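This is run-v8.cif. It holds mmCIF, C-alpha atoms.
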data_run
loop_
_atom_site.label_atom_id
_atom_site.label_comp_id
_atom_site.auth_asym_id
_atom_site.auth_seq_id
_atom_site.Cartn_x
_atom_site.Cartn_y
_atom_site.Cartn_z
CA MET A 1 67.84 143.59 62.40
CA LYS A 2 65.31 141.31 64.07
CA SER A 3 64.94 139.27 60.89
CA LYS A 4 68.73 138.75 60.73
CA LEU A 5 68.78 137.68 64.39
CA ARG A 6 65.86 135.33 63.76
CA LEU A 7 67.65 133.90 60.72
CA CYS A 8 70.84 133.33 62.78
CA LEU A 9 68.83 131.60 65.49
CA VAL A 10 67.12 129.38 62.93
CA TRP A 11 70.46 128.46 61.34
CA GLY A 12 72.00 127.90 64.76
CA PHE A 13 69.11 125.65 65.76
CA CYS A 14 69.37 123.70 62.50
CA ILE A 15 73.12 123.22 62.95
CA LEU A 16 72.63 122.11 66.56
CA LEU A 17 69.87 119.73 65.54
CA GLY A 18 72.10 118.37 62.77
CA LEU A 19 75.00 117.77 65.18
CA ILE A 20 72.70 116.07 67.68
CA SER A 21 71.31 113.87 64.89
CA ILE A 22 74.83 112.95 63.72
CA GLU A 23 75.85 112.04 67.28
CA ALA A 24 72.67 110.02 67.85
CA ALA A 25 73.19 108.17 64.57
CA SER A 26 76.85 107.55 65.49
CA GLU A 27 75.87 106.18 68.91
CA LEU A 28 73.36 103.87 67.23
CA ALA A 29 75.93 102.75 64.64
CA TYR A 30 78.44 102.01 67.40
CA ARG A 31 75.79 100.07 69.30
CA LEU A 32 74.96 97.98 66.23
CA TYR A 33 78.64 97.33 65.47
CA LYS A 34 79.99 96.73 68.98
CA GLY A 35 76.89 95.74 70.92
CA LYS A 36 77.47 98.54 73.46
CA TRP A 37 76.77 102.26 73.69
CA TYR A 38 79.87 104.36 73.05
CA PHE A 39 79.41 106.65 76.05
CA ARG A 40 79.21 103.64 78.38
CA GLU A 41 82.20 101.82 76.88
CA ARG A 42 84.26 105.00 77.08
CA GLN A 43 83.62 105.12 80.84
CA THR A 44 85.12 101.65 81.31
CA SER A 45 87.92 101.75 78.71
CA VAL A 46 91.65 101.88 79.49
CA ARG A 47 92.24 104.87 77.22
CA GLY A 48 95.55 106.57 77.89
CA MET A 49 96.88 103.55 79.82
CA VAL A 50 98.81 101.84 76.98
CA GLN A 51 101.57 103.15 74.71
CA PRO A 52 103.86 101.79 71.93
CA HIS A 53 107.05 99.93 72.85
CA PRO A 54 109.85 99.06 70.39
CA TYR A 55 110.31 95.46 71.63
CA PHE A 56 107.01 94.48 73.23
CA GLY A 57 104.81 96.31 70.70
CA ALA A 58 102.84 97.85 73.56
CA CYS A 59 103.41 98.53 77.25
CA LEU A 60 101.69 100.26 80.14
CA VAL A 61 101.94 104.04 80.46
CA PRO A 62 104.03 104.80 83.58
CA ASN A 63 103.08 107.07 86.48
CA VAL A 64 99.31 107.18 86.01
CA SER A 65 96.41 106.54 88.34
CA GLU A 66 92.90 106.71 86.89
CA VAL A 67 89.39 105.85 88.02
CA ARG A 68 87.18 104.48 85.24
CA ASN A 69 83.60 103.58 86.08
CA GLY A 70 84.57 103.14 89.72
CA VAL A 71 87.67 101.04 88.93
CA ARG A 72 91.01 102.44 90.16
CA MET A 73 93.99 101.55 87.95
CA THR A 74 97.49 102.63 89.00
CA HIS A 75 100.73 102.20 87.04
CA ASN A 76 104.05 102.84 88.76
CA SER A 77 107.23 104.31 87.26
CA PHE A 78 108.41 100.85 86.11
CA ARG A 79 105.30 100.41 83.92
CA CYS A 80 103.79 97.83 86.27
CA ARG A 81 100.33 97.89 87.79
CA GLY A 82 100.31 98.77 91.48
CA PRO A 83 102.45 100.80 93.88
CA GLU A 84 106.11 101.68 93.50
CA PHE A 85 108.69 99.09 94.52
CA ALA A 86 112.28 99.70 95.60
CA ARG A 87 115.12 99.19 93.13
CA PRO A 88 117.45 97.61 94.03
CA LYS A 89 115.49 95.15 96.14
CA PRO A 90 115.87 95.73 99.91
CA PRO A 91 117.72 93.00 101.85
CA GLY A 92 115.46 90.42 103.50
CA LYS A 93 112.54 90.83 101.09
CA ILE A 94 111.20 87.89 99.13
CA ARG A 95 109.98 89.41 95.88
CA ILE A 96 107.46 87.61 93.66
CA ALA A 97 107.00 88.82 90.08
CA THR A 98 103.77 87.84 88.32
CA LEU A 99 103.70 87.79 84.53
CA GLY A 100 100.99 87.20 81.94
CA GLY A 101 98.19 88.96 80.11
CA SER A 102 95.08 90.84 81.21
CA THR A 103 94.13 88.12 83.72
CA THR A 104 97.45 88.85 85.43
CA TYR A 105 97.02 92.60 85.03
CA CYS A 106 93.51 92.02 86.45
CA ALA A 107 91.44 94.02 83.98
CA GLY A 108 88.10 95.22 85.30
CA VAL A 109 88.90 95.46 89.02
CA SER A 110 90.55 98.09 91.21
CA ASP A 111 94.11 97.96 92.50
CA ASN A 112 92.98 96.59 95.86
CA GLU A 113 90.91 93.84 94.21
CA THR A 114 93.65 92.13 92.18
CA TRP A 115 94.82 88.65 93.10
CA GLN A 116 98.32 90.05 93.62
CA TYR A 117 96.97 92.45 96.24
CA PHE A 118 95.14 89.66 98.09
CA LEU A 119 98.17 87.36 97.83
CA GLY A 120 100.44 90.06 99.23
CA GLU A 121 98.05 90.58 102.15
CA GLN A 122 98.22 86.87 102.98
CA LEU A 123 101.99 86.55 102.63
CA GLY A 124 102.78 89.44 104.96
CA THR A 125 105.40 92.18 105.12
CA ASN A 126 108.42 90.01 104.31
CA TYR A 127 107.00 89.43 100.85
CA GLU A 128 106.37 91.71 97.91
CA VAL A 129 104.19 90.80 94.93
CA ILE A 130 104.86 92.73 91.71
CA ASN A 131 102.19 92.80 88.97
CA MET A 132 104.03 92.72 85.62
CA GLY A 133 100.97 91.62 83.65
CA ALA A 134 99.91 93.50 80.52
CA PRO A 135 96.77 93.18 78.38
CA GLY A 136 97.41 90.78 75.49
CA GLY A 137 100.61 89.39 77.00
CA THR A 138 101.72 85.90 75.92
CA SER A 139 104.64 83.61 76.71
CA LEU A 140 106.55 85.49 73.99
CA GLU A 141 106.27 88.91 75.67
CA THR A 142 106.85 87.47 79.14
CA MET A 143 109.97 85.71 77.84
CA ILE A 144 111.35 89.10 76.74
CA GLN A 145 110.35 90.65 80.07
CA THR A 146 112.23 87.87 81.84
CA ALA A 147 115.32 88.44 79.70
CA VAL A 148 115.58 92.23 79.95
CA LEU A 149 113.66 93.42 83.03
CA PHE A 150 114.54 90.96 85.78
CA SER A 151 117.97 92.57 86.22
CA ASP A 152 116.16 95.55 87.78
CA VAL A 153 113.11 93.82 89.27
CA GLN A 154 115.29 91.19 91.03
CA PRO A 155 112.53 88.68 91.84
CA ASP A 156 113.12 85.57 93.90
CA ILE A 157 110.10 83.83 92.36
CA ALA A 158 108.45 84.48 88.99
CA VAL A 159 104.86 83.31 88.51
CA TYR A 160 103.77 82.82 84.88
CA TYR A 161 99.98 82.75 84.47
CA LEU A 162 99.59 81.90 80.77
CA GLY A 163 97.54 80.09 78.14
CA TRP A 164 94.55 82.12 76.96
CA ASN A 165 96.45 84.69 74.89
CA ASP A 166 98.94 82.12 73.58
CA ALA A 167 96.05 80.11 72.17
CA ARG A 168 94.98 82.92 69.85
CA VAL A 169 97.53 81.77 67.24
CA GLN A 170 95.81 78.38 66.98
CA HIS A 171 95.12 77.41 63.35
CA VAL A 172 96.78 80.48 61.79
CA LYS A 173 97.86 79.41 58.31
CA ASP A 174 101.65 79.54 57.68
CA LEU A 175 102.21 80.83 61.23
CA TRP A 176 105.58 82.51 61.67
CA PRO A 177 107.62 81.18 64.62
CA ASP A 178 107.78 84.67 66.16
CA TRP A 179 104.02 85.29 65.60
CA SER A 180 104.85 88.58 63.87
CA ASP A 181 102.24 87.81 61.21
CA SER A 182 99.39 87.47 63.71
CA HIS A 183 99.53 88.29 67.41
CA GLY A 184 102.51 90.61 66.87
CA LYS A 185 100.51 92.76 64.45
CA TRP A 186 97.72 93.14 66.97
CA VAL A 187 100.12 94.11 69.78
CA MET A 188 101.68 96.81 67.59
CA SER A 189 98.28 98.23 66.65
CA HIS A 190 97.24 98.06 70.31
CA GLY A 191 100.23 100.19 71.30
CA LEU A 192 99.86 102.61 68.39
CA GLY A 193 96.15 102.98 69.10
CA GLY A 194 96.68 103.58 72.81
CA ARG A 195 94.47 106.65 72.75
CA GLU A 196 91.47 104.54 71.77
CA LEU A 197 88.13 105.99 72.94
CA GLN A 198 89.76 109.32 73.83
CA GLU A 199 87.14 111.13 71.73
CA ARG A 200 84.30 112.53 73.80
CA THR A 201 81.71 111.83 71.12
CA ALA A 202 80.78 108.74 69.13
CA ALA A 203 80.89 110.81 65.92
CA GLY A 204 84.48 111.84 66.63
CA TYR A 205 85.42 108.25 67.38
CA LEU A 206 83.88 106.89 64.17
CA LEU A 207 85.58 109.61 62.11
CA LYS A 208 88.94 108.65 63.61
CA ARG A 209 88.27 104.96 62.99
CA MET A 210 87.44 105.69 59.37
CA VAL A 211 90.71 107.60 58.92
CA PHE A 212 92.70 104.82 60.64
CA HIS A 213 90.95 102.11 58.65
CA TYR A 214 91.76 103.58 55.25
CA PHE A 215 94.98 105.54 55.80
CA PHE A 216 96.66 104.07 58.92
CA PRO A 217 95.63 100.38 59.02
CA ARG A 218 98.52 99.46 61.35
CA MET A 219 96.88 101.59 64.05
CA ASP A 220 93.49 99.90 63.62
CA THR A 221 93.22 96.90 65.97
CA ASP A 222 90.02 95.80 64.21
CA LYS A 223 91.83 95.61 60.85
CA ALA A 224 95.22 94.31 62.01
CA LEU A 225 94.28 90.64 61.65
CA LEU A 226 91.78 90.78 58.79
CA ASP A 227 94.27 89.32 56.30
CA LEU A 228 94.85 86.18 58.41
CA LYS A 229 93.80 82.87 56.94
CA GLY A 230 93.06 79.70 58.86
CA THR A 231 94.33 76.16 58.41
CA PRO A 232 91.96 73.35 57.32
CA ASP A 233 91.47 72.56 61.04
CA ALA A 234 90.18 76.06 61.82
CA PHE A 235 86.83 76.15 63.65
CA THR A 236 87.22 72.56 64.86
CA ASP A 237 88.19 71.10 68.24
CA ARG A 238 91.49 69.80 66.85
CA ILE A 239 94.71 71.21 68.32
CA ASP A 240 97.30 73.02 66.21
CA THR A 241 100.46 71.22 67.35
CA ARG A 242 102.78 73.72 65.64
CA ALA A 243 101.29 76.64 67.58
CA ILE A 244 101.32 74.77 70.88
CA GLY A 245 104.89 73.71 70.13
CA HIS A 246 105.87 77.39 70.03
CA TYR A 247 104.24 77.78 73.45
CA GLU A 248 106.32 74.93 74.88
CA ARG A 249 109.47 76.41 73.29
CA ASN A 250 108.79 79.74 74.99
CA LEU A 251 108.16 78.11 78.37
CA ARG A 252 111.46 76.22 78.18
CA SER A 253 113.28 79.42 77.27
CA ILE A 254 111.69 81.15 80.26
CA VAL A 255 113.02 78.42 82.55
CA VAL A 256 116.56 78.88 81.22
CA LEU A 257 116.38 82.67 81.56
CA CYS A 258 115.05 82.45 85.12
CA ARG A 259 117.66 79.97 86.30
CA LYS A 260 120.51 81.95 84.76
CA GLN A 261 119.38 84.88 86.93
CA GLY A 262 118.77 82.88 90.11
CA VAL A 263 114.98 83.19 89.84
CA GLU A 264 112.61 80.32 90.60
CA PRO A 265 109.96 80.01 87.85
CA VAL A 266 106.44 78.86 88.71
CA PHE A 267 103.98 77.91 85.94
CA VAL A 268 100.27 78.48 86.58
CA PRO A 269 97.57 77.14 84.22
CA GLN A 270 94.71 79.21 82.84
CA PHE A 271 90.95 78.78 83.19
CA LEU A 272 87.98 80.64 81.68
CA ASN A 273 84.28 81.13 82.32
CA TYR A 274 83.27 78.14 80.21
CA ARG A 275 79.57 78.56 81.11
CA VAL A 276 79.26 81.47 78.69
CA LEU A 277 81.55 80.05 75.99
CA THR A 278 79.04 77.88 74.15
CA SER A 279 78.70 79.49 70.73
CA ASP A 280 79.54 77.77 67.44
CA LYS A 281 81.37 80.96 66.42
CA PRO A 282 84.47 82.68 67.83
CA TYR A 283 83.83 85.67 70.07
CA GLY A 284 86.73 87.44 68.36
CA TRP A 285 89.93 87.23 70.38
CA LEU A 286 90.85 83.80 69.01
CA PRO A 287 89.94 84.21 65.33
CA PHE A 288 89.90 80.51 64.39
CA VAL A 289 88.62 78.89 67.61
CA ARG A 290 84.91 78.48 68.28
CA ASP A 291 83.74 79.46 71.75
CA ARG A 292 82.59 75.93 72.54
CA ASP A 293 86.06 74.57 71.70
CA LEU A 294 87.92 76.94 74.01
CA GLU A 295 87.74 74.60 77.00
CA THR A 296 89.39 71.84 74.94
CA VAL A 297 92.06 74.23 73.68
CA ILE A 298 92.86 75.70 77.11
CA HIS A 299 93.06 72.21 78.60
CA ALA A 300 95.58 71.30 75.88
CA TYR A 301 97.70 74.34 76.72
CA ASN A 302 97.52 73.52 80.43
CA ALA A 303 98.60 69.94 79.72
CA SER A 304 101.57 71.24 77.71
CA MET A 305 102.54 73.57 80.54
CA ASP A 306 102.26 70.70 83.04
CA ARG A 307 104.46 68.47 80.86
CA VAL A 308 107.14 71.16 80.41
CA ALA A 309 107.07 71.85 84.16
CA LYS A 310 107.65 68.18 84.97
CA GLU A 311 110.45 67.83 82.42
CA GLU A 312 112.19 71.02 83.56
CA GLY A 313 111.66 70.51 87.30
CA VAL A 314 109.41 73.56 87.66
CA VAL A 315 106.50 73.94 90.10
CA PHE A 316 103.16 73.62 88.28
CA GLY A 317 100.42 75.51 90.10
CA GLY A 318 97.52 73.20 89.38
CA GLU A 319 96.01 74.27 92.70
CA VAL A 320 94.40 77.26 90.95
CA LEU A 321 92.08 74.89 89.07
CA GLU A 322 90.68 73.38 92.29
CA PRO A 323 88.30 76.12 93.56
CA HIS A 324 84.74 76.32 92.26
CA TYR A 325 84.57 79.65 90.46
CA GLY A 326 80.92 80.71 90.21
CA GLU A 327 79.23 83.19 87.89
CA SER A 328 79.80 86.05 90.34
CA ASP A 329 83.54 85.30 90.33
CA PHE A 330 83.83 86.43 86.69
CA ILE A 331 83.16 89.80 85.10
CA ASP A 332 83.11 88.34 81.57
CA ASN A 333 84.25 85.20 79.72
CA GLY A 334 87.59 84.96 81.51
CA HIS A 335 88.49 87.90 83.75
CA LEU A 336 87.86 87.53 87.46
CA SER A 337 85.88 89.79 89.79
CA ALA A 338 87.15 90.75 93.25
CA SER A 339 85.64 87.58 94.74
CA GLY A 340 87.20 85.46 91.99
CA ASN A 341 90.58 87.06 92.58
CA LYS A 342 90.30 86.21 96.29
CA LEU A 343 89.76 82.56 95.40
CA LEU A 344 92.68 82.66 92.99
CA ALA A 345 94.91 84.32 95.60
CA ASP A 346 94.05 81.60 98.13
CA ALA A 347 95.07 78.97 95.58
CA MET A 348 98.20 80.95 94.65
CA MET A 349 99.14 80.94 98.33
CA ARG A 350 99.25 77.14 98.20
CA VAL A 351 101.32 77.34 95.01
CA ILE A 352 103.85 79.63 96.72
CA LEU A 353 104.02 77.24 99.69
CA HIS A 354 104.72 74.45 97.20
CA SER A 355 107.50 76.47 95.57
CA HIS A 356 109.07 77.20 98.96
CA VAL A 357 109.13 73.52 99.89
CA SER A 358 110.54 72.48 96.50
CA ASN A 359 113.22 75.17 96.70
CA GLY A 360 114.21 74.44 100.29
CA ARG A 361 113.11 77.84 101.61
CA LYS A 362 111.51 78.36 104.96
CA ALA A 363 107.78 77.93 104.48
CA ALA A 364 105.70 81.05 103.96
CA PRO A 365 103.35 82.01 106.78
#
Once more with this new file: its structure as structure tokens, please.
Amino acid sequence: MKSKLRLCLVWGFCILLGLISIEAASELAYRLYKGKWYFRERQTSVRGMVQPHPYFGACLVPNVSEVRNGVRMTHNSFRCRGPEFARPKPPGKIRIATLGGSTTYCAGVSDNETWQYFLGEQLGTNYEVINMGAPGGTSLETMIQTAVLFSDVQPDIAVYYLGWNDARVQHVKDLWPDWSDSHGKWVMSHGLGGRELQERTAAGYLLKRMVFHYFFPRMDTDKALLDLKGTPDAFTDRIDTRAIGHYERNLRSIVVLCRKQGVEPVFVPQFLNYRVLTSDKPYGWLPFVRDRDLETVIHAYNASMDRVAKEEGVVFGGEVLEPHYGESDFIDNGHLSASGNKLLADAMMRVILHSHVSNGRKAAP
């Protein structure tokens, strides 16, 4: 009897040791592949916060409030970040909708550290700032949001903070005009893989990734764009005029959609943490743009936005480029920290004042 018990204990110990070894090897493999430990990245991920959407590809999960690594993220019932807002809009309120990608969503900071929160605090109780940003959002997704969601949101002003995500289609060979062959594929995989990093162990995560990679490639964000090919100008500082032309087309369509609904559009240019973008290789998000060329590319997109704004009679919020954003104002190569969002909100306040004057409204406080 004792020998059987001893044998079971030995087998149990061997199995436990084997599982620990597999998990340790998986953590190491993840570290080598991603440059981060799985258990740490899982703490800061947005798992369970994104879901598939038939038109946008992906959207925010409604009615959730989670704390990840000390960061509070709340989504309301309308799939927007932040608190609930009344529908229909109460009389006397000036409602400002903000649209864009993760720099509008404000990835990496808590609800009370977003630039929308700080802007709302400055504007006062007669104003309401709605955060309609979503990770990965471009002028294409925000154009659809403008067309189909503004009937319920009922904004007076719509702020479009765009450029970084739109630039990811630079130098894509034979780029489709709807980007369904490139960015669209990623958005779909992002929505379908919305439970990313749900697994408690690195071994479980790698097993899932292996299954996705070979059997469900559409759900694998790492594989979604592997078949893309670049133009001859890929990995240079030259600008893909076809891709940037699509951006201008989308901006002009946004203007038409806003004005048909009585909404004042405001275009705001993008900026990144150029101090850390010095490599001769792409960091990944823009597959055919070297890090050191990103400043040139973003400046080109900002110039296009400025030109469209002038031609369409839209306020261009160049004031956001005026502050000196230091290292502590960024959490990575482009997303702002709480202090950076305060600087951006101060600049946005001047942009809103500008829009009030141009539209003949009483100036904001």
Next item on the list: Could you list the residues chosen by the PyMOL selection byres ((chain A and resi 166) around 7) in this structure as a ChimeraX atom specification?
Entry: /A:138-139,163-165,167-169,247
Item checked: Answer key for the PyMOL selection byres ((chain A and resi 351) around 8), residues as a list in words ->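 Matching residues under the PyMOL selection byres ((chain A and resi 351) around 8) are Val315, Phe316, Gly317, Gly318, Glu319, Ala347, Met348, Met349, Arg350, Ile352, Leu353, His354 and Ser355 of chain A.
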Next item on the list: Could you give me, as a PyMOL selection string, the residues within 12 Å of segment 145-151 of chain A, counting all atoms listed in the file and dropping anything in the same chain fewer than 3 positions from it?
Entry: chain A and resi 55-56+59+78-80+87-89+95-100+130+132-134+137-142+154-160+250-251+253-265
Margin query: Quick check, in Å to one decimal: how far apart do atom CA of Phe288 of chain A and atom CA of Gly101 of chain A lie?
Written below: 19.7 Å
Next item on the list: Report the distance between atom CA of Arg72 of chain A and atom CA of Asp346 of chain A in Å, rounded to one decimal place.
Entry: 22.5 Å
Notebook entry, point to check: Smallest atom-to-atom distance to Trp285 of chain A: which of A:Thr241, A:Thr201, A:Thr74, A:Gln170, using all atoms listed in the file?
Noted result: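 The shortest atom-to-atom distance to Trp285 of chain A comes from A:Gln170.
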Notebook entry, point to check: Could you state the separation of atom CA of Gly191 of chain A and atom CA of Gly57 of chain A in Å, given to one decimal place?
Noted result: 6.0 Å
Check: Which residues come within 12 Å of Glu113 of chain A, counting all atoms listed in the file, excluding same-chain residues fewer than 4 positions away, as an MDAnalysis selection string?
Finding: chainID A and resid 71:73 82 105:109 117:121 329 336:345
